[in-house]
file upload21.pdb (PDB, C-alpha atoms and all ligand atoms)
ATOM      1  CA  MET B  10     132.907 112.409 117.684
ATOM      2  CA  ARG B  11     136.580 111.809 117.004
ATOM      3  CA  ASN B  12     137.648 110.191 113.740
ATOM      4  CA  LEU B  13     139.996 107.242 114.009
ATOM      5  CA  LEU B  14     143.514 107.860 112.703
ATOM      6  CA  VAL B  15     145.361 104.975 111.063
ATOM      7  CA  ALA B  16     148.991 106.070 110.841
ATOM      8  CA  GLY B  17     151.938 104.209 109.341
ATOM      9  CA  ASN B  18     155.389 104.741 110.825
ATOM     10  CA  TRP B  19     157.698 103.347 108.180
ATOM     11  CA  LYS B  20     160.825 103.982 110.284
ATOM     12  CA  MET B  21     164.067 103.473 108.282
ATOM     13  CA  ASN B  22     162.355 101.484 105.561
ATOM     14  CA  CYS B  23     161.553 102.398 101.947
ATOM     15  CA  GLY B  24     163.755 104.707  99.918
ATOM     16  CA  PRO B  25     162.046 106.711  97.160
ATOM     17  CA  GLY B  26     161.615 103.698  94.829
ATOM     18  CA  GLU B  27     160.045 101.453  97.458
ATOM     19  CA  THR B  28     157.969 104.359  98.732
ATOM     20  CA  ALA B  29     156.432 104.868  95.298
ATOM     21  CA  ALA B  30     155.734 101.132  95.033
ATOM     22  CA  LEU B  31     154.139 100.873  98.483
ATOM     23  CA  LEU B  32     151.930 103.908  97.943
ATOM     24  CA  GLN B  33     150.879 102.592  94.542
ATOM     25  CA  GLY B  34     150.025  99.321  96.264
ATOM     26  CA  ILE B  35     147.833 101.170  98.769
ATOM     27  CA  LYS B  36     146.150 103.255  96.057
ATOM     28  CA  ASN B  37     145.657 100.266  93.738
ATOM     29  CA  SER B  38     144.236  98.112  96.521
ATOM     30  CA  GLY B  39     140.905  99.759  95.816
ATOM     31  CA  VAL B  40     140.435 100.514  99.507
ATOM     32  CA  THR B  41     137.831 103.178 100.156
ATOM     33  CA  ILE B  42     138.784 105.227 103.136
ATOM     34  CA  PRO B  43     135.750 105.302 105.434
ATOM     35  CA  ASP B  44     134.404 108.749 106.433
ATOM     36  CA  ASN B  45     135.249 108.172 110.083
ATOM     37  CA  VAL B  46     138.887 107.302 109.349
ATOM     38  CA  ASP B  47     141.900 109.559 108.776
ATOM     39  CA  VAL B  48     144.952 107.970 107.176
ATOM     40  CA  LEU B  49     148.548 109.071 107.547
ATOM     41  CA  VAL B  50     151.835 107.689 106.227
ATOM     42  CA  CYS B  51     155.249 108.689 107.567
ATOM     43  CA  PRO B  52     158.074 107.556 105.275
ATOM     44  CA  PRO B  53     161.749 108.404 105.866
ATOM     45  CA  THR B  54     162.745 112.009 105.119
ATOM     46  CA  ILE B  55     164.533 111.100 101.859
ATOM     47  CA  SER B  56     161.288 109.659 100.497
ATOM     48  CA  LEU B  57     158.869 112.428 101.469
ATOM     49  CA  LYS B  58     159.038 114.265  98.151
ATOM     50  CA  THR B  59     158.316 111.090  96.192
ATOM     51  CA  ALA B  60     155.504 110.285  98.616
ATOM     52  CA  SER B  61     154.059 113.753  98.188
ATOM     53  CA  GLU B  62     154.026 113.310  94.410
ATOM     54  CA  GLU B  63     152.454 109.861  94.698
ATOM     55  CA  LEU B  64     149.755 111.210  96.994
ATOM     56  CA  GLN B  65     148.764 114.104  94.755
ATOM     57  CA  GLU B  66     145.624 112.313  93.612
ATOM     58  CA  ALA B  67     145.059 110.656  96.975
ATOM     59  CA  GLU B  68     144.038 113.618  99.049
ATOM     60  CA  ASP B  69     142.567 111.452 101.773
ATOM     61  CA  ILE B  70     146.011 110.095 102.704
ATOM     62  CA  ALA B  71     148.060 112.593 104.700
ATOM     63  CA  LEU B  72     151.823 112.741 104.888
ATOM     64  CA  GLY B  73     154.044 113.137 107.919
ATOM     65  CA  GLY B  74     157.702 113.235 108.902
ATOM     66  CA  GLN B  75     159.262 111.004 111.560
ATOM     67  CA  ASN B  76     161.173 113.779 113.305
ATOM     68  CA  VAL B  77     161.849 117.508 113.076
ATOM     69  CA  HIS B  78     164.260 119.990 114.636
ATOM     70  CA  SER B  79     163.063 122.792 116.891
ATOM     71  CA  GLU B  80     165.136 125.470 115.135
ATOM     72  CA  ASP B  81     164.324 127.040 111.763
ATOM     73  CA  ASN B  82     167.716 126.387 110.178
ATOM     74  CA  GLY B  83     171.427 126.411 110.913
ATOM     75  CA  ALA B  84     174.315 124.147 111.789
ATOM     76  CA  TYR B  85     172.379 120.994 112.711
ATOM     77  CA  THR B  86     173.854 118.325 110.469
ATOM     78  CA  GLY B  87     171.405 115.633 109.485
ATOM     79  CA  GLU B  88     168.305 117.430 110.723
ATOM     80  CA  VAL B  89     165.200 118.816 108.980
ATOM     81  CA  SER B  90     163.055 121.821 109.831
ATOM     82  CA  THR B  91     159.304 122.299 110.008
ATOM     83  CA  LYS B  92     159.481 124.487 106.918
ATOM     84  CA  MET B  93     161.250 121.737 104.953
ATOM     85  CA  LEU B  94     158.620 119.192 105.963
ATOM     86  CA  LYS B  95     155.847 121.573 104.973
ATOM     87  CA  GLU B  96     157.517 122.251 101.627
ATOM     88  CA  VAL B  97     156.941 118.577 100.752
ATOM     89  CA  ASN B  98     153.352 118.737 101.982
ATOM     90  CA  CYS B  99     153.705 117.143 105.400
ATOM     91  CA  GLU B 100     150.806 117.892 107.716
ATOM     92  CA  TYR B 101     152.002 115.786 110.666
ATOM     93  CA  VAL B 102     155.251 114.871 112.371
ATOM     94  CA  ILE B 103     155.960 111.997 114.745
ATOM     95  CA  LEU B 104     157.783 113.239 117.851
ATOM     96  CA  GLY B 105     159.477 111.436 120.717
ATOM     97  CA  HIS B 106     159.187 107.910 119.355
ATOM     98  CA  SER B 107     160.799 105.539 121.854
ATOM     99  CA  GLU B 108     163.438 104.621 119.282
ATOM    100  CA  ARG B 109     164.422 108.286 119.060
ATOM    101  CA  ARG B 110     164.461 108.546 122.842
ATOM    102  CA  GLN B 111     166.503 105.336 123.154
ATOM    103  CA  TYR B 112     169.007 105.666 120.282
ATOM    104  CA  PHE B 113     169.187 109.394 119.545
ATOM    105  CA  GLY B 114     169.130 110.989 122.951
ATOM    106  CA  GLU B 115     165.699 112.583 122.746
ATOM    107  CA  THR B 116     164.428 113.712 126.109
ATOM    108  CA  ASP B 117     161.155 115.083 127.403
ATOM    109  CA  LYS B 118     162.756 118.509 126.987
ATOM    110  CA  THR B 119     163.617 118.098 123.294
ATOM    111  CA  VAL B 120     160.218 116.535 122.620
ATOM    112  CA  ASN B 121     158.614 119.571 124.238
ATOM    113  CA  ALA B 122     160.690 122.031 122.180
ATOM    114  CA  LYS B 123     159.805 120.173 118.977
ATOM    115  CA  THR B 124     156.125 120.025 119.915
ATOM    116  CA  VAL B 125     155.973 123.759 120.532
ATOM    117  CA  LYS B 126     157.791 124.459 117.258
ATOM    118  CA  ALA B 127     155.640 122.076 115.212
ATOM    119  CA  LEU B 128     152.431 123.649 116.506
ATOM    120  CA  GLU B 129     153.738 127.167 115.933
ATOM    121  CA  ASP B 130     154.430 126.219 112.291
ATOM    122  CA  GLU B 131     151.146 124.354 111.819
ATOM    123  CA  LEU B 132     152.437 120.826 111.707
ATOM    124  CA  ARG B 133     150.394 118.393 113.779
ATOM    125  CA  PRO B 134     152.614 116.560 116.281
ATOM    126  CA  VAL B 135     152.044 112.878 116.936
ATOM    127  CA  ILE B 136     153.636 112.709 120.375
ATOM    128  CA  CYS B 137     154.757 109.232 121.407
ATOM    129  CA  VAL B 138     154.753 108.184 125.042
ATOM    130  CA  GLY B 139     155.048 104.812 126.715
ATOM    131  CA  GLU B 140     156.664 102.845 129.468
ATOM    132  CA  SER B 141     159.346 100.139 129.441
ATOM    133  CA  LEU B 142     158.658  96.605 130.631
ATOM    134  CA  LYS B 143     160.678  97.292 133.784
ATOM    135  CA  GLN B 144     158.532 100.331 134.547
ATOM    136  CA  ARG B 145     155.336  98.369 133.998
ATOM    137  CA  LYS B 146     156.528  95.539 136.218
ATOM    138  CA  ALA B 147     157.340  98.094 138.911
ATOM    139  CA  ASN B 148     153.812  99.489 138.531
ATOM    140  CA  GLU B 149     155.217 102.858 137.452
ATOM    141  CA  HIS B 150     153.636 102.886 133.994
ATOM    142  CA  LYS B 151     150.892 105.390 134.751
ATOM    143  CA  LEU B 152     153.217 107.826 136.461
ATOM    144  CA  VAL B 153     155.843 107.561 133.700
ATOM    145  CA  VAL B 154     153.334 108.186 130.922
ATOM    146  CA  ARG B 155     151.574 111.004 132.806
ATOM    147  CA  LYS B 156     154.922 112.753 133.251
ATOM    148  CA  GLN B 157     155.845 112.284 129.586
ATOM    149  CA  VAL B 158     152.555 113.814 128.447
ATOM    150  CA  GLU B 159     152.796 116.739 130.861
ATOM    151  CA  ALA B 160     156.421 117.415 129.938
ATOM    152  CA  ALA B 161     155.737 117.323 126.191
ATOM    153  CA  LEU B 162     152.957 119.879 126.535
ATOM    154  CA  ILE B 163     154.662 122.585 128.589
ATOM    155  CA  GLY B 164     153.805 125.885 126.957
ATOM    156  CA  VAL B 165     151.145 124.431 124.642
ATOM    157  CA  GLU B 166     148.009 126.571 124.832
ATOM    158  CA  GLU B 167     144.496 125.177 124.847
ATOM    159  CA  GLN B 168     143.648 126.580 121.410
ATOM    160  CA  GLN B 169     146.656 124.720 119.925
ATOM    161  CA  ALA B 170     145.943 121.500 121.775
ATOM    162  CA  GLU B 171     143.231 120.376 119.352
ATOM    163  CA  GLN B 172     145.971 119.866 116.770
ATOM    164  CA  LEU B 173     147.723 117.301 118.939
ATOM    165  CA  VAL B 174     147.759 113.577 118.472
ATOM    166  CA  ILE B 175     149.109 111.409 121.280
ATOM    167  CA  ALA B 176     150.368 107.886 120.616
ATOM    168  CA  TYR B 177     150.527 105.510 123.575
ATOM    169  CA  GLU B 178     153.226 103.028 122.685
ATOM    170  CA  PRO B 179     154.338 100.655 125.440
ATOM    171  CA  ILE B 180     157.993 100.058 124.562
ATOM    172  CA  TRP B 181     157.690  96.349 125.328
ATOM    173  CA  ALA B 182     155.096  96.015 122.552
ATOM    174  CA  ILE B 183     156.941  97.832 119.751
ATOM    175  CA  GLY B 184     158.189  95.483 117.055
ATOM    176  CA  THR B 185     158.060  92.553 119.478
ATOM    177  CA  GLY B 186     154.824  90.875 118.423
ATOM    178  CA  GLU B 187     153.604  91.468 122.000
ATOM    179  CA  THR B 188     150.529  93.657 122.187
ATOM    180  CA  ALA B 189     148.930  95.397 125.116
ATOM    181  CA  THR B 190     145.604  93.783 125.894
ATOM    182  CA  PRO B 191     142.597  95.896 124.924
ATOM    183  CA  ASP B 192     141.978  96.509 128.649
ATOM    184  CA  GLN B 193     145.556  97.647 129.254
ATOM    185  CA  ALA B 194     145.366  99.978 126.260
ATOM    186  CA  GLN B 195     141.992 101.399 127.306
ATOM    187  CA  GLU B 196     143.205 101.993 130.860
ATOM    188  CA  MET B 197     146.235 103.959 129.673
ATOM    189  CA  HIS B 198     144.325 105.903 127.030
ATOM    190  CA  ALA B 199     141.664 106.906 129.555
ATOM    191  CA  MET B 200     144.406 108.045 131.919
ATOM    192  CA  ILE B 201     146.067 110.099 129.158
ATOM    193  CA  ARG B 202     142.713 111.722 128.382
ATOM    194  CA  GLU B 203     142.357 112.600 132.059
ATOM    195  CA  VAL B 204     145.780 114.264 131.975
ATOM    196  CA  LEU B 205     144.688 116.254 128.904
ATOM    197  CA  ALA B 206     141.452 117.258 130.636
ATOM    198  CA  ASP B 207     143.435 118.403 133.696
ATOM    199  CA  LEU B 208     145.766 120.456 131.499
ATOM    200  CA  TYR B 209     143.047 121.914 129.260
ATOM    201  CA  SER B 210     139.353 121.062 129.491
ATOM    202  CA  GLN B 211     137.226 117.956 129.049
ATOM    203  CA  ASP B 212     136.020 119.239 125.648
ATOM    204  CA  THR B 213     139.550 119.698 124.390
ATOM    205  CA  ALA B 214     140.645 116.353 125.808
ATOM    206  CA  ASP B 215     137.693 114.708 124.063
ATOM    207  CA  SER B 216     138.738 116.218 120.736
ATOM    208  CA  ILE B 217     142.301 114.817 120.794
ATOM    209  CA  GLN B 218     143.026 111.528 119.041
ATOM    210  CA  ILE B 219     144.945 109.067 121.218
ATOM    211  CA  LEU B 220     146.484 106.271 119.151
ATOM    212  CA  TYR B 221     147.691 102.881 120.303
ATOM    213  CA  GLY B 222     151.047 101.653 118.954
ATOM    214  CA  GLY B 223     152.771  98.350 119.546
ATOM    215  CA  SER B 224     152.431  95.381 117.182
ATOM    216  CA  MET B 225     149.003  96.398 115.897
ATOM    217  CA  LYS B 226     148.121  93.990 113.084
ATOM    218  CA  PRO B 227     144.945  93.118 111.175
ATOM    219  CA  HIS B 228     144.269  90.214 113.571
ATOM    220  CA  ASN B 229     144.270  92.342 116.741
ATOM    221  CA  ALA B 230     143.207  95.749 115.388
ATOM    222  CA  GLU B 231     139.496  95.254 115.850
ATOM    223  CA  GLU B 232     139.528  94.624 119.582
ATOM    224  CA  LEU B 233     142.036  97.408 120.231
ATOM    225  CA  LEU B 234     140.177  99.941 118.070
ATOM    226  CA  SER B 235     136.849  99.073 119.675
ATOM    227  CA  GLN B 236     138.014 100.514 123.008
ATOM    228  CA  SER B 237     136.302 103.829 123.677
ATOM    229  CA  ASP B 238     139.494 105.850 124.190
ATOM    230  CA  VAL B 239     141.559 104.184 121.458
ATOM    231  CA  ASP B 240     141.253 106.520 118.476
ATOM    232  CA  GLY B 241     143.435 104.707 115.991
ATOM    233  CA  GLY B 242     146.837 103.146 115.647
ATOM    234  CA  LEU B 243     150.437 104.111 115.052
ATOM    235  CA  ILE B 244     151.550 101.115 113.064
ATOM    236  CA  GLY B 245     155.114 100.068 112.314
ATOM    237  CA  GLY B 246     155.649  96.643 110.762
ATOM    238  CA  ALA B 247     152.104  96.187 109.448
ATOM    239  CA  SER B 248     152.219  99.539 107.645
ATOM    240  CA  LEU B 249     154.963  98.278 105.323
ATOM    241  CA  LYS B 250     152.641  95.961 103.424
ATOM    242  CA  ALA B 251     149.810  97.466 101.407
ATOM    243  CA  ASP B 252     147.415  94.645 102.253
ATOM    244  CA  SER B 253     147.893  94.656 106.024
ATOM    245  CA  PHE B 254     147.758  98.470 106.204
ATOM    246  CA  THR B 255     144.604  98.655 104.098
ATOM    247  CA  ASP B 256     143.069  95.794 106.110
ATOM    248  CA  ILE B 257     143.518  97.883 109.277
ATOM    249  CA  ILE B 258     141.960 100.888 107.530
ATOM    250  CA  LYS B 259     138.927  98.748 106.646
ATOM    251  CA  ILE B 260     138.690  97.377 110.192
ATOM    252  CA  ALA B 261     138.769 100.917 111.578
ATOM    253  CA  GLY B 262     135.827 101.940 109.365
TER     254      GLY B 262
HETATM  255  C1  LIG K   1     155.955 101.916 115.954
HETATM  256  O1  LIG K   1     157.031 101.926 115.417
HETATM  257  O2  LIG K   1     155.457 102.988 116.301
HETATM  258  C2  LIG K   1     155.289 100.631 116.174
HETATM  259  C3  LIG K   1     154.217 100.588 116.910
HETATM  260  O3  LIG K   1     155.844  99.531 115.555
HETATM  261  P1  LIG K   1     155.199  98.050 115.439
HETATM  262  O4  LIG K   1     153.793  98.224 114.954
HETATM  263  O5  LIG K   1     156.054  97.339 114.458
HETATM  264  O6  LIG K   1     155.232  97.462 116.806
END

call {"tool": "encode", "arguments": {"input": "upload21.pdb", "output": "structure tokens", "more": "lines below"}}
Ligand code: PEP
result
Amino acid sequence: MRNLLVAGNWKMNCGPGETAALLQGIKNSGVTIPDNVDVLVCPPTISLKTASEELQEAEDIALGGQNVHSEDNGAYTGEVSTKMLKEVNCEYVILGHSERRQYFGETDKTVNAKTVKALEDELRPVICVGESLKQRKANEHKLVVRKQVEAALIGVEEQQAEQLVIAYEPIWAIGTGETATPDQAQEMHAMIREVLADLYSQDTADSIQILYGGSMKPHNAEELLSQSDVDGGLIGGASLKADSFTDIIKIAG
């Protein structure tokens, strides 16, 4: 059975000082991480080293980056490599978040190159996919998301696929307070699992965690996480407060 993954995407929030404080808040909350739950935090790049130090005695909380470049090094101002993320103990990296697609020109092609590179260097990609409101209203949401998943996974072999995490994040639900209904989330997650089964095998598809992202909060986490194909959450706003993040961890357990 798949564990649930509760992942915090801190976006451009929390420099090193605030990162230390937030992680201390999580550790001091006394939350016990249930056996069936994996926990991940993804602070901004500048704060990863501090986070890594803070998490030294909290081995059950994993660390991830919010982006990575597909090259090893070179003239790519402002970017970080897989090796750099691993040097500060990252195990995961978020790829293709809709904000990166919208504001930083990420395309299915760059997401694919980053996915291949991350897997090659043993970083687990959390690949974000999701439709806009316009696409949903035009009834194109399934096609859009199917294509995003297929494009991200070009060249990814079945034996690497178990390392993948997919995050279904309808763009209209991110940071808006609007949430997909549990039925809408389940429908999309089941469809994504079908795509994974078509690309690989049912066993492999069943082993991959598919997270829901889009205004997940303590008050709506339970019904979303109770859906059979929802294997956790990628959480923005509610991951920035120790109590709401730990409440979701408890609900997942
Ligand atoms: C996100 O940034 O991935 C996200 C889902 O944000 P929020 O929870 O704030 O909607």

call {"tool": "closest_residue", "arguments": {"input": "upload21.pdb", "among": "B:Gly83, B:Gly241, B:Pro227, B:Gly164", "to": "B:Ser253", "atoms": "all atoms listed in the file"}}
result
B:Pro227

call {"tool": "residues_around", "arguments": {"input": "upload21.pdb", "residues": "B:Lys123", "least_positions_apart": "6", "cutoff": "9 Å", "atoms": "all atoms listed in the file", "output": "ChimeraX atom specification"}}
result
/B:76-80,104-105,134,161

call {"tool": "atom_distance", "arguments": {"input": "upload21.pdb", "atom1": "atom CA of B:Trp181", "atom2": "atom CA of B:Arg11"}}
result
27.5 Å

call {"tool": "residues_near_ligand", "arguments": {"input": "upload21.pdb", "ligand": "ligand LIG 1 (chain K)", "cutoff": "7 Å", "atoms": "only C-alpha atoms and all ligand atoms", "output": "list of chain:residue names"}}
result
B:Asn18, B:Lys20, B:His106, B:Glu178, B:Ala182, B:Ile183, B:Gly184, B:Thr185, B:Gly186, B:Gly222, B:Gly223, B:Ser224, B:Met225, B:Leu243, B:Ile244, B:Gly245, B:Gly246, B:Ala247

call {"tool": "atom_distance", "arguments": {"input": "upload21.pdb", "atom1": "atom CA of B:Glu232", "atom2": "atom CA of B:Thr41"}}
result
21.3 Å

call {"tool": "atom_distance", "arguments": {"input": "upload21.pdb", "atom1": "atom CA of B:Val204", "atom2": "atom CA of B:Leu132"}}
result
22.3 Å

call {"tool": "axis_aligned_box", "arguments": {"input": "upload21.pdb", "around": "stretch 243-257 of chain B", "padding_each_side": "4 Å", "output": "JSON"}}
result
{"center_x": 149.4, "center_y": 99.4, "center_z": 108.2, "size_x": 20.6, "size_y": 17.5, "size_z": 21.6}

call {"tool": "resolve_selection", "arguments": {"input": "upload21.pdb", "expression": "the PyMOL selection byres (((chain B and resi 12) around 8) and not hetatm)", "output": "PyMOL selection string"}}
result
chain B and resi 10-11+13-14+45-47+218+240

call {"tool": "write_last_selection", "arguments": {"input": "upload21.pdb", "atoms": "C-alpha atoms", "output": "mmCIF file, in the frame of the given file"}}
result
data_model
loop_
_atom_site.group_PDB
_atom_site.id
_atom_site.type_symbol
_atom_site.label_atom_id
_atom_site.label_comp_id
_atom_site.auth_asym_id
_atom_site.auth_seq_id
_atom_site.Cartn_x
_atom_site.Cartn_y
_atom_site.Cartn_z
ATOM 1 C CA MET B 10 132.907 112.409 117.684
ATOM 2 C CA ARG B 11 136.580 111.809 117.004
ATOM 3 C CA LEU B 13 139.996 107.242 114.009
ATOM 4 C CA LEU B 14 143.514 107.860 112.703
ATOM 5 C CA ASN B 45 135.249 108.172 110.083
ATOM 6 C CA VAL B 46 138.887 107.302 109.349
ATOM 7 C CA ASP B 47 141.900 109.559 108.776
ATOM 8 C CA GLN B 218 143.026 111.528 119.041
ATOM 9 C CA ASP B 240 141.253 106.520 118.476
#

call {"tool": "closest_residue", "arguments": {"input": "upload21.pdb", "among": "B:Ala71, B:Val15, B:His198, B:Pro179", "to": "B:Gln144", "atoms": "all atoms listed in the file"}}
result
B:Pro179

call {"tool": "build_atoms", "arguments": {"input": "upload21.pdb", "residues": "stretch 132-165 of chain B", "atoms": "N, CA and C atoms", "output": "JSON list (two decimals), in the frame of the given file"}}
result
[["chain", "number", "residue", "atom", "x", "y", "z"],
["B", 132, "LEU", "N", 152.28, 122.26, 111.97],
["B", 132, "LEU", "CA", 152.44, 120.83, 111.71],
["B", 132, "LEU", "C", 151.81, 120.12, 112.89],
["B", 133, "ARG", "N", 151.04, 119.07, 112.65],
["B", 133, "ARG", "CA", 150.39, 118.39, 113.78],
["B", 133, "ARG", "C", 151.33, 117.35, 114.39],
["B", 134, "PRO", "N", 151.70, 117.53, 115.66],
["B", 134, "PRO", "CA", 152.61, 116.56, 116.28],
["B", 134, "PRO", "C", 151.89, 115.28, 116.68],
["B", 135, "VAL", "N", 152.52, 114.16, 116.42],
["B", 135, "VAL", "CA", 152.04, 112.88, 116.94],
["B", 135, "VAL", "C", 153.04, 112.52, 118.04],
["B", 136, "ILE", "N", 152.68, 112.82, 119.27],
["B", 136, "ILE", "CA", 153.64, 112.71, 120.38],
["B", 136, "ILE", "C", 153.58, 111.30, 120.96],
["B", 137, "CYS", "N", 154.72, 110.62, 120.93],
["B", 137, "CYS", "CA", 154.76, 109.23, 121.41],
["B", 137, "CYS", "C", 155.18, 109.18, 122.87],
["B", 138, "VAL", "N", 154.44, 108.40, 123.63],
["B", 138, "VAL", "CA", 154.75, 108.18, 125.04],
["B", 138, "VAL", "C", 154.58, 106.69, 125.33],
["B", 139, "GLY", "N", 155.22, 106.23, 126.38],
["B", 139, "GLY", "CA", 155.05, 104.81, 126.72],
["B", 139, "GLY", "C", 156.12, 104.35, 127.67],
["B", 140, "GLU", "N", 155.76, 103.32, 128.42],
["B", 140, "GLU", "CA", 156.66, 102.84, 129.47],
["B", 140, "GLU", "C", 157.45, 101.62, 129.01],
["B", 141, "SER", "N", 158.56, 101.35, 129.70],
["B", 141, "SER", "CA", 159.35, 100.14, 129.44],
["B", 141, "SER", "C", 158.70, 98.97, 130.21],
["B", 142, "LEU", "N", 159.17, 97.78, 129.92],
["B", 142, "LEU", "CA", 158.66, 96.60, 130.63],
["B", 142, "LEU", "C", 159.01, 96.69, 132.13],
["B", 143, "LYS", "N", 160.23, 97.18, 132.39],
["B", 143, "LYS", "CA", 160.68, 97.29, 133.78],
["B", 143, "LYS", "C", 159.75, 98.25, 134.55],
["B", 144, "GLN", "N", 159.41, 99.35, 133.89],
["B", 144, "GLN", "CA", 158.53, 100.33, 134.55],
["B", 144, "GLN", "C", 157.14, 99.75, 134.76],
["B", 145, "ARG", "N", 156.67, 98.98, 133.80],
["B", 145, "ARG", "CA", 155.34, 98.37, 134.00],
["B", 145, "ARG", "C", 155.38, 97.36, 135.14],
["B", 146, "LYS", "N", 156.43, 96.55, 135.15],
["B", 146, "LYS", "CA", 156.53, 95.54, 136.22],
["B", 146, "LYS", "C", 156.62, 96.19, 137.59],
["B", 147, "ALA", "N", 157.22, 97.38, 137.63],
["B", 147, "ALA", "CA", 157.34, 98.09, 138.91],
["B", 147, "ALA", "C", 156.09, 98.94, 139.20],
["B", 148, "ASN", "N", 155.08, 98.76, 138.37],
["B", 148, "ASN", "CA", 153.81, 99.49, 138.53],
["B", 148, "ASN", "C", 153.99, 101.01, 138.43],
["B", 149, "GLU", "N", 154.95, 101.42, 137.61],
["B", 149, "GLU", "CA", 155.22, 102.86, 137.45],
["B", 149, "GLU", "C", 154.66, 103.38, 136.13],
["B", 150, "HIS", "N", 153.99, 102.51, 135.37],
["B", 150, "HIS", "CA", 153.64, 102.89, 133.99],
["B", 150, "HIS", "C", 152.76, 104.12, 133.91],
["B", 151, "LYS", "N", 151.80, 104.23, 134.85],
["B", 151, "LYS", "CA", 150.89, 105.39, 134.75],
["B", 151, "LYS", "C", 151.64, 106.69, 135.05],
["B", 152, "LEU", "N", 152.47, 106.63, 136.08],
["B", 152, "LEU", "CA", 153.22, 107.83, 136.46],
["B", 152, "LEU", "C", 154.17, 108.26, 135.35],
["B", 153, "VAL", "N", 154.87, 107.27, 134.77],
["B", 153, "VAL", "CA", 155.84, 107.56, 133.70],
["B", 153, "VAL", "C", 155.14, 108.24, 132.52],
["B", 154, "VAL", "N", 154.02, 107.67, 132.11],
["B", 154, "VAL", "CA", 153.33, 108.19, 130.92],
["B", 154, "VAL", "C", 152.71, 109.55, 131.23],
["B", 155, "ARG", "N", 152.14, 109.70, 132.41],
["B", 155, "ARG", "CA", 151.57, 111.00, 132.81],
["B", 155, "ARG", "C", 152.65, 112.09, 132.72],
["B", 156, "LYS", "N", 153.84, 111.77, 133.25],
["B", 156, "LYS", "CA", 154.92, 112.75, 133.25],
["B", 156, "LYS", "C", 155.38, 113.06, 131.82],
["B", 157, "GLN", "N", 155.43, 112.04, 130.97],
["B", 157, "GLN", "CA", 155.84, 112.28, 129.59],
["B", 157, "GLN", "C", 154.86, 113.21, 128.87],
["B", 158, "VAL", "N", 153.57, 112.97, 129.11],
["B", 158, "VAL", "CA", 152.56, 113.81, 128.45],
["B", 158, "VAL", "C", 152.66, 115.25, 128.97],
["B", 159, "GLU", "N", 152.73, 115.38, 130.28],
["B", 159, "GLU", "CA", 152.80, 116.74, 130.86],
["B", 159, "GLU", "C", 154.04, 117.48, 130.38],
["B", 160, "ALA", "N", 155.17, 116.76, 130.33],
["B", 160, "ALA", "CA", 156.42, 117.42, 129.94],
["B", 160, "ALA", "C", 156.37, 117.83, 128.47],
["B", 161, "ALA", "N", 155.78, 117.00, 127.63],
["B", 161, "ALA", "CA", 155.74, 117.32, 126.19],
["B", 161, "ALA", "C", 154.89, 118.56, 125.93],
["B", 162, "LEU", "N", 153.94, 118.83, 126.83],
["B", 162, "LEU", "CA", 152.96, 119.88, 126.54],
["B", 162, "LEU", "C", 153.20, 121.19, 127.29],
["B", 163, "ILE", "N", 154.36, 121.32, 127.90],
["B", 163, "ILE", "CA", 154.66, 122.58, 128.59],
["B", 163, "ILE", "C", 154.62, 123.72, 127.56],
["B", 164, "GLY", "N", 153.86, 124.73, 127.85],
["B", 164, "GLY", "CA", 153.80, 125.88, 126.96],
["B", 164, "GLY", "C", 152.82, 125.74, 125.80],
["B", 165, "VAL", "N", 152.15, 124.61, 125.71],
["B", 165, "VAL", "CA", 151.15, 124.43, 124.64],
["B", 165, "VAL", "C", 149.81, 124.97, 125.14]]
